[in-house]
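S.K.: Next comes the structure file upload-v2.cif, holding mmCIF, C-alpha atoms.
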data_input
loop_
_atom_site.label_atom_id
_atom_site.label_comp_id
_atom_site.auth_asym_id
_atom_site.auth_seq_id
_atom_site.Cartn_x
_atom_site.Cartn_y
_atom_site.Cartn_z
CA MET A 1169 -3.00 7.72 6.87
CA LYS A 1170 -4.88 10.09 9.13
CA LEU A 1171 -3.68 11.20 12.57
CA PHE A 1172 -5.16 9.58 15.65
CA GLU A 1173 -5.49 10.85 19.19
CA CYS A 1174 -6.39 9.30 22.51
CA GLN A 1175 -9.95 10.28 23.43
CA ASN A 1176 -9.03 9.92 27.10
CA CYS A 1177 -6.00 12.23 27.30
CA GLY A 1178 -5.79 13.89 23.87
CA LYS A 1179 -2.25 12.71 23.11
CA PRO A 1180 -1.35 11.65 19.55
CA LEU A 1181 -1.29 7.97 18.70
CA TYR A 1182 0.32 5.80 16.08
CA PHE A 1183 -1.96 3.54 14.06
CA GLU A 1184 -0.14 0.52 15.49
CA ASN A 1185 -0.50 1.50 19.18
CA ALA A 1186 -2.33 -1.05 21.34
CA SER A 1187 -2.24 1.27 24.36
CA CYS A 1188 -1.74 4.98 24.89
CA GLU A 1189 1.85 5.71 25.83
CA SER A 1190 0.67 8.67 27.92
CA CYS A 1191 -2.38 7.50 29.91
CA GLU A 1192 -2.03 3.74 29.21
CA SER A 1193 -5.62 3.43 28.00
CA ARG A 1194 -6.34 0.28 25.99
CA LEU A 1195 -6.78 1.09 22.31
CA GLY A 1196 -8.66 -0.56 19.48
CA PHE A 1197 -9.22 0.24 15.82
CA LEU A 1198 -12.76 0.72 14.49
CA PRO A 1199 -12.59 -0.25 10.80
CA GLU A 1200 -16.01 1.15 9.89
CA GLN A 1201 -15.09 4.59 11.20
CA GLY A 1202 -11.37 4.38 10.44
CA ILE A 1203 -10.58 5.52 13.99
CA VAL A 1204 -8.22 4.34 16.73
CA SER A 1205 -10.26 4.65 19.92
CA ALA A 1206 -9.50 4.59 23.62
CA LEU A 1207 -11.55 1.92 25.37
CA GLU A 1208 -13.32 1.39 28.65
CA SER A 1209 -13.97 -2.09 29.98
CA VAL A 1210 -17.67 -2.83 30.54
CA ALA A 1211 -18.10 -6.30 32.04
CA ASP A 1212 -16.96 -8.70 29.32
CA ARG A 1213 -16.95 -6.18 26.51
CA TRP A 1214 -15.48 -2.79 25.56
CA ARG A 1215 -16.95 0.66 25.09
CA ALA A 1216 -15.14 2.80 22.53
CA LEU A 1217 -14.85 6.43 23.64
CA ALA A 1218 -14.98 7.45 19.96
CA VAL A 1219 -18.38 5.74 19.56
CA PRO A 1220 -19.74 5.49 23.12
CA SER A 1221 -23.18 4.29 22.05
CA ARG A 1222 -21.88 0.92 20.85
CA GLN A 1223 -20.05 -1.98 22.47
CA TYR A 1224 -17.28 -4.05 20.98
CA ARG A 1225 -14.98 -7.01 21.42
CA PHE A 1226 -11.53 -7.64 20.06
CA CYS A 1227 -10.65 -9.76 17.06
CA ALA A 1228 -9.80 -13.32 18.15
CA ASN A 1229 -6.20 -12.75 17.09
CA ALA A 1230 -5.81 -10.15 19.83
CA GLN A 1231 -4.97 -13.03 22.17
CA TYR A 1232 -1.67 -13.41 20.28
CA ASN A 1233 -0.98 -9.67 20.35
CA VAL A 1234 -1.08 -9.53 16.55
CA CYS A 1235 -4.29 -7.50 16.11
CA ASN A 1236 -6.11 -4.72 17.95
CA TRP A 1237 -9.06 -4.31 15.57
CA LEU A 1238 -12.58 -4.33 17.02
CA ILE A 1239 -15.78 -6.17 16.11
CA ALA A 1240 -19.30 -5.15 17.08
CA TRP A 1241 -20.35 -7.09 20.18
CA ASP A 1242 -23.34 -8.66 18.44
CA SER A 1243 -21.43 -9.69 15.31
CA LYS A 1244 -21.27 -13.37 14.41
CA ASP A 1245 -17.66 -12.97 13.27
CA ILE A 1246 -14.81 -13.80 15.61
CA TYR A 1247 -12.18 -12.23 13.36
CA CYS A 1248 -11.96 -8.61 12.23
CA VAL A 1249 -12.39 -7.50 8.63
CA ALA A 1250 -8.64 -7.92 8.03
CA CYS A 1251 -7.94 -11.18 9.89
CA ARG A 1252 -10.95 -13.06 8.51
CA HIS A 1253 -9.09 -13.24 5.19
CA ASN A 1254 -6.25 -15.29 6.73
CA ARG A 1255 -6.38 -18.88 5.49
CA THR A 1256 -3.06 -20.06 6.95
CA ILE A 1257 -0.90 -18.54 9.67
CA PRO A 1258 2.63 -19.60 10.63
CA ASP A 1259 3.27 -22.28 13.23
CA ILE A 1260 3.25 -20.00 16.28
CA THR A 1261 4.59 -22.71 18.59
CA ILE A 1262 7.89 -21.57 17.07
CA PRO A 1263 8.69 -18.30 18.90
CA GLU A 1264 10.32 -16.60 15.93
CA ASN A 1265 7.22 -17.27 13.82
CA LEU A 1266 5.01 -15.45 16.30
CA LEU A 1267 7.28 -12.40 16.06
CA ARG A 1268 7.25 -12.65 12.28
CA TRP A 1269 3.46 -12.94 12.19
CA ARG A 1270 3.12 -9.80 14.30
CA LYS A 1271 5.26 -7.83 11.84
CA ILE A 1272 3.30 -9.24 8.91
CA GLU A 1273 -0.03 -8.28 10.45
CA LEU A 1274 1.15 -4.73 11.12
CA ALA A 1275 1.84 -4.31 7.40
CA LYS A 1276 -1.35 -6.11 6.39
CA ARG A 1277 -3.51 -3.88 8.59
CA ARG A 1278 -2.03 -0.81 6.90
CA LEU A 1279 -2.96 -2.40 3.59
CA PHE A 1280 -6.53 -2.96 4.77
CA TYR A 1281 -6.76 0.58 6.11
CA THR A 1282 -6.21 1.84 2.55
CA LEU A 1283 -8.48 -0.79 0.99
CA LEU A 1284 -11.28 0.33 3.30
CA ARG A 1285 -10.55 4.00 2.73
CA LEU A 1286 -10.71 3.50 -1.05
CA ARG A 1287 -13.95 1.49 -0.64
CA LEU A 1288 -12.62 -1.45 -2.61
CA PRO A 1289 -14.66 -4.66 -2.60
CA LEU A 1290 -13.58 -7.23 -0.01
CA THR A 1291 -14.91 -10.78 0.12
CA THR A 1292 -13.40 -13.87 1.72
CA LYS A 1293 -13.07 -17.24 0.04
CA LEU A 1294 -15.77 -18.54 2.36
CA GLU A 1295 -18.12 -15.98 0.82
CA ASP A 1296 -16.90 -16.33 -2.75
CA PRO A 1297 -14.56 -18.92 -4.33
CA TYR A 1298 -12.88 -16.00 -6.09
CA GLY A 1299 -12.54 -14.02 -2.86
CA LEU A 1300 -9.37 -12.93 -1.11
CA ALA A 1301 -7.26 -15.09 1.22
CA PHE A 1302 -3.75 -15.09 2.69
CA ASP A 1303 -1.34 -17.93 3.38
CA PHE A 1304 1.61 -17.02 5.61
CA LEU A 1305 4.05 -19.90 5.21
CA SER A 1306 7.57 -20.89 6.28
CA ASP A 1307 10.25 -22.52 4.16
CA PRO A 1308 10.73 -26.23 4.82
CA VAL A 1309 13.87 -27.20 6.71
CA GLY A 1310 16.76 -28.28 4.51
CA GLY A 1311 17.52 -25.85 1.73
CA TRP A 1312 15.83 -24.48 -1.37
CA ALA A 1313 13.71 -27.52 -2.24
CA GLY A 1314 10.10 -26.50 -1.76
CA ARG A 1315 11.00 -22.91 -0.89
CA ILE A 1316 7.92 -20.71 -0.37
CA MET A 1317 7.58 -18.00 -3.00
CA THR A 1318 5.61 -14.85 -2.33
CA GLY A 1319 2.92 -14.40 -4.96
CA HIS A 1320 -0.75 -14.41 -5.98
CA ALA A 1321 -2.97 -17.05 -7.58
CA SER A 1322 -6.75 -16.74 -8.02
CA GLY A 1323 -7.26 -14.51 -5.00
CA LEU A 1324 -4.81 -16.37 -2.74
CA ILE A 1325 -1.83 -14.28 -1.66
CA THR A 1326 1.08 -16.31 -0.32
CA LEU A 1327 3.78 -14.63 1.73
CA ASN A 1328 7.01 -16.23 2.90
CA VAL A 1329 7.19 -15.27 6.58
CA ALA A 1330 10.97 -14.92 6.27
CA GLU A 1331 10.20 -11.55 4.60
CA ALA A 1332 9.38 -10.29 8.10
CA ASP A 1333 13.10 -10.48 8.97
CA ASP A 1334 14.82 -7.25 8.02
CA LEU A 1335 18.14 -8.92 7.17
CA GLU A 1336 16.49 -11.52 4.93
CA ARG A 1337 14.41 -8.90 3.19
CA GLU A 1338 17.49 -6.74 2.59
CA ARG A 1339 19.36 -9.77 1.24
CA GLN A 1340 16.49 -10.43 -1.15
CA ARG A 1341 16.41 -6.77 -2.18
CA GLU A 1342 20.07 -6.84 -3.12
CA THR A 1343 19.76 -10.21 -4.86
CA MET A 1344 16.81 -8.97 -6.91
CA ASN A 1345 18.54 -5.61 -7.57
CA GLU A 1346 15.55 -3.69 -6.23
CA LEU A 1347 15.49 -0.11 -4.98
CA TYR A 1348 12.67 -0.72 -2.55
CA ARG A 1349 11.40 -3.84 -0.73
CA PRO A 1350 9.21 -3.09 2.31
CA MET A 1351 6.73 -5.71 3.47
CA LEU A 1352 3.88 -3.25 2.98
CA GLY A 1353 5.05 -2.94 -0.62
CA HIS A 1354 4.70 -6.72 -1.01
CA PHE A 1355 1.11 -6.56 0.15
CA ARG A 1356 0.24 -3.63 -2.07
CA HIS A 1357 1.82 -5.33 -5.09
CA GLU A 1358 0.19 -8.73 -4.58
CA ILE A 1359 -3.25 -7.29 -3.82
CA ALA A 1360 -3.04 -5.55 -7.21
CA HIS A 1361 -3.15 -8.92 -8.95
CA TYR A 1362 -6.35 -9.72 -7.08
CA TYR A 1363 -7.98 -6.44 -8.08
CA TRP A 1364 -6.80 -6.80 -11.67
CA ASP A 1365 -9.15 -9.79 -11.85
CA ARG A 1366 -11.96 -7.84 -10.19
CA LEU A 1367 -11.65 -4.43 -11.85
CA VAL A 1368 -9.76 -4.83 -15.12
CA ALA A 1369 -9.97 -8.32 -16.63
CA ASN A 1370 -13.33 -7.81 -18.35
CA GLU A 1371 -14.44 -5.40 -21.04
CA PRO A 1372 -14.22 -2.48 -21.51
CA PRO A 1373 -11.27 -1.74 -19.11
CA ILE A 1374 -9.16 -4.54 -20.62
CA TRP A 1375 -8.84 -2.72 -23.93
CA GLU A 1376 -7.55 0.46 -22.34
CA PHE A 1377 -5.28 -1.68 -20.15
CA ARG A 1378 -3.65 -3.25 -23.21
CA GLN A 1379 -3.06 0.14 -24.79
CA LEU A 1380 -1.23 1.38 -21.70
CA PHE A 1381 0.43 -1.69 -20.20
CA GLY A 1382 0.64 -4.13 -23.11
CA ASP A 1383 -1.03 -7.44 -23.90
CA GLU A 1384 -1.31 -9.57 -20.76
CA ARG A 1385 -1.83 -12.66 -22.94
CA THR A 1386 1.93 -12.71 -23.57
CA ASP A 1387 3.34 -15.87 -21.96
CA TYR A 1388 3.91 -14.92 -18.33
CA VAL A 1389 6.48 -17.59 -17.44
CA GLU A 1390 8.56 -16.89 -20.53
CA ALA A 1391 8.44 -13.16 -19.82
CA LEU A 1392 9.70 -13.61 -16.26
CA ASP A 1393 12.40 -16.06 -17.35
CA ARG A 1394 13.57 -13.53 -19.91
CA TYR A 1395 13.55 -10.74 -17.32
CA TYR A 1396 15.67 -12.70 -14.84
CA ALA A 1397 18.04 -13.86 -17.58
CA ASP A 1398 18.47 -10.60 -19.49
CA GLY A 1399 17.45 -7.90 -17.03
CA PRO A 1400 14.88 -5.13 -17.50
CA ALA A 1401 13.85 -3.60 -20.78
CA VAL A 1402 16.22 -1.09 -22.34
CA ASN A 1403 15.42 2.46 -21.16
CA TRP A 1404 12.81 1.08 -18.79
CA THR A 1405 12.79 4.33 -16.78
CA GLU A 1406 11.09 6.06 -19.73
CA ARG A 1407 8.03 3.77 -19.58
CA PHE A 1408 7.89 1.95 -16.25
CA VAL A 1409 7.85 2.93 -12.58
CA THR A 1410 10.27 0.11 -11.62
CA ALA A 1411 12.56 -2.25 -13.49
CA TYR A 1412 10.40 -5.23 -12.53
CA ALA A 1413 7.36 -3.53 -14.04
CA SER A 1414 8.97 -4.04 -17.45
CA SER A 1415 8.84 -7.84 -17.12
CA HIS A 1416 5.16 -8.33 -18.06
CA PRO A 1417 1.97 -6.22 -18.24
CA TRP A 1418 0.55 -7.90 -15.12
CA GLU A 1419 3.64 -6.92 -13.13
CA ASP A 1420 3.56 -3.43 -14.60
CA PHE A 1421 0.00 -3.02 -13.35
CA ALA A 1422 0.89 -4.42 -9.91
CA GLU A 1423 3.88 -2.12 -9.50
CA THR A 1424 1.85 0.89 -10.65
CA TRP A 1425 -1.03 -0.02 -8.31
CA ALA A 1426 1.39 -0.38 -5.37
CA HIS A 1427 2.84 3.05 -6.09
CA TYR A 1428 -0.62 4.57 -6.23
CA PHE A 1429 -1.23 3.17 -2.74
CA HIS A 1430 2.12 4.53 -1.56
CA MET A 1431 1.16 7.95 -2.86
CA VAL A 1432 -2.39 8.05 -1.51
CA ASP A 1433 -1.41 6.91 1.98
CA THR A 1434 1.60 9.24 2.19
CA LEU A 1435 -0.41 12.24 1.03
CA GLU A 1436 -3.15 11.54 3.58
CA THR A 1437 -0.48 11.50 6.30
CA ALA A 1438 1.06 14.74 5.06
CA ALA A 1439 -2.37 16.38 4.89
CA ALA A 1440 -3.18 15.23 8.42
CA PHE A 1441 -0.08 17.07 9.62
CA GLY A 1442 -1.18 20.19 7.76
CA MET A 1443 1.94 20.14 5.60
CA GLN A 1444 2.55 22.78 2.97
CA LEU A 1445 5.54 23.20 0.70
CA ARG A 1446 7.08 26.52 -0.18
CA PRO A 1447 10.50 25.88 -1.78
CA SER A 1448 12.93 28.70 -1.05
CA LEU A 1449 14.15 29.09 -4.61
CA ALA A 1450 14.79 32.17 -6.68
CA LYS A 1451 12.15 30.96 -9.11
CA GLY A 1452 8.84 29.93 -7.63
CA ALA A 1453 9.64 31.18 -4.12
CA ASP A 1454 6.07 32.39 -3.73
CA LEU A 1455 4.59 29.05 -4.77
CA ALA A 1456 2.79 27.44 -1.82
CA ILE A 1457 1.76 23.83 -2.34
CA VAL A 1458 -0.97 22.59 -0.02
CA ILE A 1459 -1.18 18.84 0.54
CA ASP A 1460 -4.89 18.17 0.09
CA PHE A 1461 -5.42 15.18 -2.22
CA ASP A 1462 -8.67 13.21 -1.81
CA PRO A 1463 -8.76 10.07 -4.02
CA HIS A 1464 -12.57 10.12 -4.13
CA THR A 1465 -12.94 13.66 -5.45
CA ALA A 1466 -9.63 15.05 -6.69
CA PRO A 1467 -8.47 14.53 -10.28
CA ILE A 1468 -5.27 12.65 -10.97
CA GLU A 1469 -3.62 15.95 -11.97
CA ARG A 1470 -3.78 17.02 -8.34
CA LEU A 1471 -2.02 13.86 -7.22
CA ILE A 1472 0.93 14.49 -9.49
CA ASP A 1473 0.93 18.23 -8.81
CA ILE A 1474 1.72 17.69 -5.12
CA TRP A 1475 3.51 14.32 -5.18
CA LEU A 1476 6.67 15.38 -7.02
CA PRO A 1477 7.58 18.34 -4.79
CA LEU A 1478 6.67 16.37 -1.65
CA THR A 1479 8.96 13.47 -2.54
CA PHE A 1480 11.72 15.89 -3.48
CA ALA A 1481 11.40 17.42 -0.01
CA MET A 1482 11.32 14.01 1.73
CA ASN A 1483 14.35 12.78 -0.21
CA SER A 1484 16.23 15.99 0.58
CA ILE A 1485 15.53 15.61 4.31
CA ASN A 1486 16.71 12.01 4.25
CA ARG A 1487 19.90 12.97 2.44
CA SER A 1488 20.51 15.58 5.14
CA MET A 1489 20.47 12.69 7.64
CA GLY A 1490 22.77 10.58 5.50
CA GLN A 1491 19.93 8.19 4.65
CA PRO A 1492 18.83 6.77 1.28
CA ASP A 1493 16.00 8.41 -0.60
CA VAL A 1494 12.54 7.69 0.78
CA TYR A 1495 11.19 7.55 -2.75
CA PRO A 1496 13.90 6.53 -5.24
CA PHE A 1497 11.68 6.61 -8.32
CA ALA A 1498 10.80 8.92 -11.20
CA LEU A 1499 7.38 9.26 -12.84
CA ALA A 1500 7.71 9.43 -16.62
CA PRO A 1501 4.63 10.53 -18.62
CA PRO A 1502 3.67 6.91 -19.59
CA VAL A 1503 3.76 6.00 -15.89
CA ILE A 1504 1.43 8.89 -15.11
CA SER A 1505 -1.00 7.59 -17.73
CA LYS A 1506 -0.90 4.18 -16.02
CA LEU A 1507 -1.46 5.78 -12.61
CA THR A 1508 -4.47 7.53 -14.15
CA PHE A 1509 -5.84 4.16 -15.22
CA VAL A 1510 -5.45 2.78 -11.68
CA HIS A 1511 -7.02 5.92 -10.21
CA ASP A 1512 -10.04 5.59 -12.52
CA ARG A 1513 -10.51 1.87 -11.85
CA ILE A 1514 -10.53 2.48 -8.11
CA ARG A 1515 -12.95 5.39 -8.36
CA GLY A 1516 -15.24 3.21 -10.42
CA ASN A 1517 -16.12 2.56 -14.05
CA GLY A 1518 -13.63 5.08 -15.37
CA GLU A 1519 -16.15 7.91 -15.50
CA ASP A 1520 -13.47 10.33 -14.37
CA ALA A 1521 -10.88 9.23 -16.94
CA ILE A 1522 -8.96 12.08 -18.48
CA ASP A 1523 -8.58 12.35 -22.23
CA GLU A 1524 -5.37 12.86 -24.17
CA SER A 1525 -5.54 16.63 -23.65
CA GLY A 1526 -5.64 15.98 -19.93
CA ARG A 1527 -2.57 13.80 -20.21
CA GLU A 1528 -0.81 16.63 -22.04
CA THR A 1529 -1.66 18.84 -19.07
CA LEU A 1530 -0.09 16.28 -16.76
CA ARG A 1531 3.06 16.20 -18.86
CA ALA A 1532 3.27 19.99 -18.63
CA ILE A 1533 2.81 19.84 -14.84
CA VAL A 1534 5.60 17.27 -14.53
CA ALA A 1535 7.95 19.30 -16.70
CA ALA A 1536 7.25 22.51 -14.75
CA LEU A 1537 7.72 20.86 -11.38
CA ARG A 1538 10.98 19.25 -12.43
CA ARG A 1539 12.26 22.64 -13.51
CA THR A 1540 11.22 24.08 -10.14
CA VAL A 1541 12.26 21.41 -7.65
CA GLY A 1542 14.19 18.86 -9.71
CA SER A 1543 13.70 15.12 -10.10
CA PRO A 1544 16.56 13.41 -8.25
CA LYS A 1545 17.58 9.86 -8.97
CA SER A 1546 18.50 7.44 -6.19
CA THR A 1547 22.20 7.31 -5.34
CA ASN A 1548 22.01 4.02 -3.44
#
Here is the file; what I need is its structure written in the form of structure tokens.

M.R.:
Amino acid sequence: MKLFECQNCGKPLYFENASCESCESRLGFLPEQGIVSALESVADRWRALAVPSRQYRFCANAQYNVCNWLIAWDSKDIYCVACRHNRTIPDITIPENLLRWRKIELAKRRLFYTLLRLRLPLTTKLEDPYGLAFDFLSDPVGGWAGRIMTGHASGLITLNVAEADDLERERQRETMNELYRPMLGHFRHEIAHYYWDRLVANEPPIWEFRQLFGDERTDYVEALDRYYADGPAVNWTERFVTAYASSHPWEDFAETWAHYFHMVDTLETAAAFGMQLRPSLAKGADLAIVIDFDPHTAPIERLIDIWLPLTFAMNSINRSMGQPDVYPFALAPPVISKLTFVHDRIRGNGEDAIDESGRETLRAIVAALRRTVGSPKSTN
């Protein structure tokens, strides 16, 4: 994610800020420009200092303090580009549900920031029966009967609002034996199933998909039952980015897609801070790595070239603080090929796909970087 600053006082802002912590200016996000802007009140509307020629109003969900995205004053929509996809929200007469919804929307808006940045198609179910919608639901009172399961079906993403509670999410992470379970990760994983239908399911991408990920026509329910009964595939780290990715080709794609989003958003943030890496090692001490990946123009080789040393640095800093690894994963060559497929689908029609010689280049890059900076495994 890019860096934002207050146009009124020049102080840096977080994406989630609703007001400037320095000058207390009201803030709103302009999705078309991808900018957090300081605002000035003009009668019953707002003027964005970042785009002073236009006037705006807040998304209707701003009244609940769950959204600070802006809509053009003359728009017929009452909800912003992110909130208009909500089909069901939690019962906010229950105080804890309002707090949960706020946390959920913070993660969802980060998801939509990346969707907009990558110029991915977005339609609601009101516009298209196969469009995108969200149901944020609570478990019924009285045990496991009817428990809400997070998942995707025909463009509808369902999220159990209990995932907004850190303790519950950690309990689920341990139960599922996962290395990583952030709410933003849920969104990025589930949205992948939606875009599989939009970008992959039809020819010709489906044939390349099956070569890389396997045949998605394999019985999905049986595959998941087998995964939960027997555990992940043997030596899954050699072919999959996570253990769960080994359960079925659809889940492999979703996990790979989510990791691509993790990578793109993290690298944009690092680039916005002007980060460079220059490991102080006897070998490669003069190697300066500039963080400058642009998903619209840069080849996938560049993504891998800077991602491995950056995550090694981030993990090393976390270990210095006694914290778990930020990125407890390894990218085997087959995973890189799958990331390439995701990269090409997002960029459009696969015209930038690399051939096998390109993949050999990637393998050489990975091997060289691992020799230079290592490839640590998670110790948690």

S.K.: CA of Ile1260 (chain A) and CA of Ser1322 (chain A), how far apart in Å?

M.R.: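 Between these atoms lies a distance of 26.5 Å.
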
S.K.: What does the distance from CA of Asn1486 (chain A) to CA of Val1432 (chain A) come to in Å, to one decimal?

M.R.: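 Taking CA of Asn1486 (chain A) and CA of Val1432 (chain A), their separation equals 20.3 Å.
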
S.K.: Just give me the gap between CA of Gly1323 (chain A) and CA of Leu1266 (chain A) in Å, one decimal is fine.

M.R.: 24.6 Å

S.K.: For the file shown, report as a list in words the outcome of the PyMOL selection byres ((chain A and resi 1256) around 7) at residue level.

M.R.: Asn1254, Arg1255, Ile1257, Pro1258, Phe1302, Asp1303 and Phe1304 of chain A

S.K.: Write the residues of the preceding selection, restricted to C-alpha atoms, as a tab-separated table (two decimals), keeping the file's coordinate frame.

M.R.:
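Result file again_30.tsv:
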chain	number	residue	atom	x	y	z
A	1254	ASN	CA	-6.25	-15.29	6.73
A	1255	ARG	CA	-6.38	-18.88	5.49
A	1257	ILE	CA	-0.90	-18.54	9.67
A	1258	PRO	CA	2.63	-19.60	10.63
A	1302	PHE	CA	-3.75	-15.09	2.69
A	1303	ASP	CA	-1.34	-17.93	3.38
A	1304	PHE	CA	1.61	-17.02	5.61

S.K.: Run the PyMOL selection byres ((chain A and resi 1393-1399) around 9) on the file and write out the hits as a VMD selection string.

M.R.: chain A and resid 1344 1388 to 1392 1400 to 1402 1411 to 1412 1414 to 1416

S.K.: Could you turn the residues from that selection into a file that holds C-alpha atoms, as a PDB file, keeping the file's coordinate frame?

M.R.:
ATOM      1  CA  MET A1344      16.810  -8.970  -6.910  1.00  0.00           C
ATOM      2  CA  TYR A1388       3.910 -14.920 -18.330  1.00  0.00           C
ATOM      3  CA  VAL A1389       6.480 -17.590 -17.440  1.00  0.00           C
ATOM      4  CA  GLU A1390       8.560 -16.890 -20.530  1.00  0.00           C
ATOM      5  CA  ALA A1391       8.440 -13.160 -19.820  1.00  0.00           C
ATOM      6  CA  LEU A1392       9.700 -13.610 -16.260  1.00  0.00           C
ATOM      7  CA  PRO A1400      14.880  -5.130 -17.500  1.00  0.00           C
ATOM      8  CA  ALA A1401      13.850  -3.600 -20.780  1.00  0.00           C
ATOM      9  CA  VAL A1402      16.220  -1.090 -22.340  1.00  0.00           C
ATOM     10  CA  ALA A1411      12.560  -2.250 -13.490  1.00  0.00           C
ATOM     11  CA  TYR A1412      10.400  -5.230 -12.530  1.00  0.00           C
ATOM     12  CA  SER A1414       8.970  -4.040 -17.450  1.00  0.00           C
ATOM     13  CA  SER A1415       8.840  -7.840 -17.120  1.00  0.00           C
ATOM     14  CA  HIS A1416       5.160  -8.330 -18.060  1.00  0.00           C
TER      15      HIS A1416
END

S.K.: Residue by residue, what does the PyMOL selection byres ((chain A and resi 1504-1511) around 7) grab here? Present the result as a list in words.

M.R.: Leu1380, Thr1424, Trp1425, Tyr1428, Ile1468, Leu1499, Ala1500, Pro1501, Pro1502, Val1503, Asp1512, Arg1513, Ile1514, Arg1515 and Arg1527 of chain A

S.K.: I'd like to know which of A:Cys1227, A:Ala1211, A:Leu1478, A:Ile1272 is closest to Phe1197 (chain A), using all atoms listed in the file.

M.R.: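 Nearest to Phe1197 (chain A): A:Cys1227.
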
S.K.: Skip Arg1268 (chain A) itself and residues of its chain fewer than 5 positions away, then list as a compact mmCIF listing (two decimals) with C-alpha atoms, keeping the file's coordinate frame all residues within 9 Å of it, counting only C-alpha atoms.

M.R.:
# COMPACT_ATOMS: atom_id res chain seq x y z
CA PRO A 1258 2.63 -19.60 10.63
CA PRO A 1263 8.69 -18.30 18.90
CA GLU A 1273 -0.03 -8.28 10.45
CA VAL A 1329 7.19 -15.27 6.58
CA ALA A 1330 10.97 -14.92 6.27
CA GLU A 1331 10.20 -11.55 4.60
CA ALA A 1332 9.38 -10.29 8.10
CA ASP A 1333 13.10 -10.48 8.97

S.K.: Please list as a PDB file with C-alpha atoms, keeping the file's coordinate frame every residue within 8 Å of region 1276-1283 of chain A, counting all atoms listed in the file and excluding residues in the same chain fewer than 3 positions away.

M.R.:
ATOM      1  CA  MET A1169      -3.000   7.720   6.870  1.00  0.00           C
ATOM      2  CA  PRO A1199     -12.590  -0.250  10.800  1.00  0.00           C
ATOM      3  CA  GLY A1202     -11.370   4.380  10.440  1.00  0.00           C
ATOM      4  CA  ALA A1250      -8.640  -7.920   8.030  1.00  0.00           C
ATOM      5  CA  ILE A1272       3.300  -9.240   8.910  1.00  0.00           C
ATOM      6  CA  GLU A1273      -0.030  -8.280  10.450  1.00  0.00           C
ATOM      7  CA  LEU A1286     -10.710   3.500  -1.050  1.00  0.00           C
ATOM      8  CA  ARG A1287     -13.950   1.490  -0.640  1.00  0.00           C
ATOM      9  CA  LEU A1288     -12.620  -1.450  -2.610  1.00  0.00           C
ATOM     10  CA  LEU A1352       3.880  -3.250   2.980  1.00  0.00           C
ATOM     11  CA  PHE A1355       1.110  -6.560   0.150  1.00  0.00           C
ATOM     12  CA  ARG A1356       0.240  -3.630  -2.070  1.00  0.00           C
ATOM     13  CA  PHE A1429      -1.230   3.170  -2.740  1.00  0.00           C
ATOM     14  CA  ASP A1433      -1.410   6.910   1.980  1.00  0.00           C
TER      15      ASP A1433
END

S.K.: Need to verify the contact set: Trp1364 (chain A), 9 Å, only C-alpha atoms, exclusion of same-chain residues closer than 6 positions in sequence. Can you return it as an MDAnalysis selection string?

M.R.: chainID A and resid 1418 1421:1422

S.K.: Go ahead and write the residues just picked, C-alpha atoms, as a compact mmCIF listing (two decimals), in the coordinates of the input.

M.R.:
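What ended up in out_25.txt:
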# COMPACT_ATOMS: atom_id res chain seq x y z
CA TRP A 1418 0.55 -7.90 -15.12
CA PHE A 1421 0.00 -3.02 -13.35
CA ALA A 1422 0.89 -4.42 -9.91
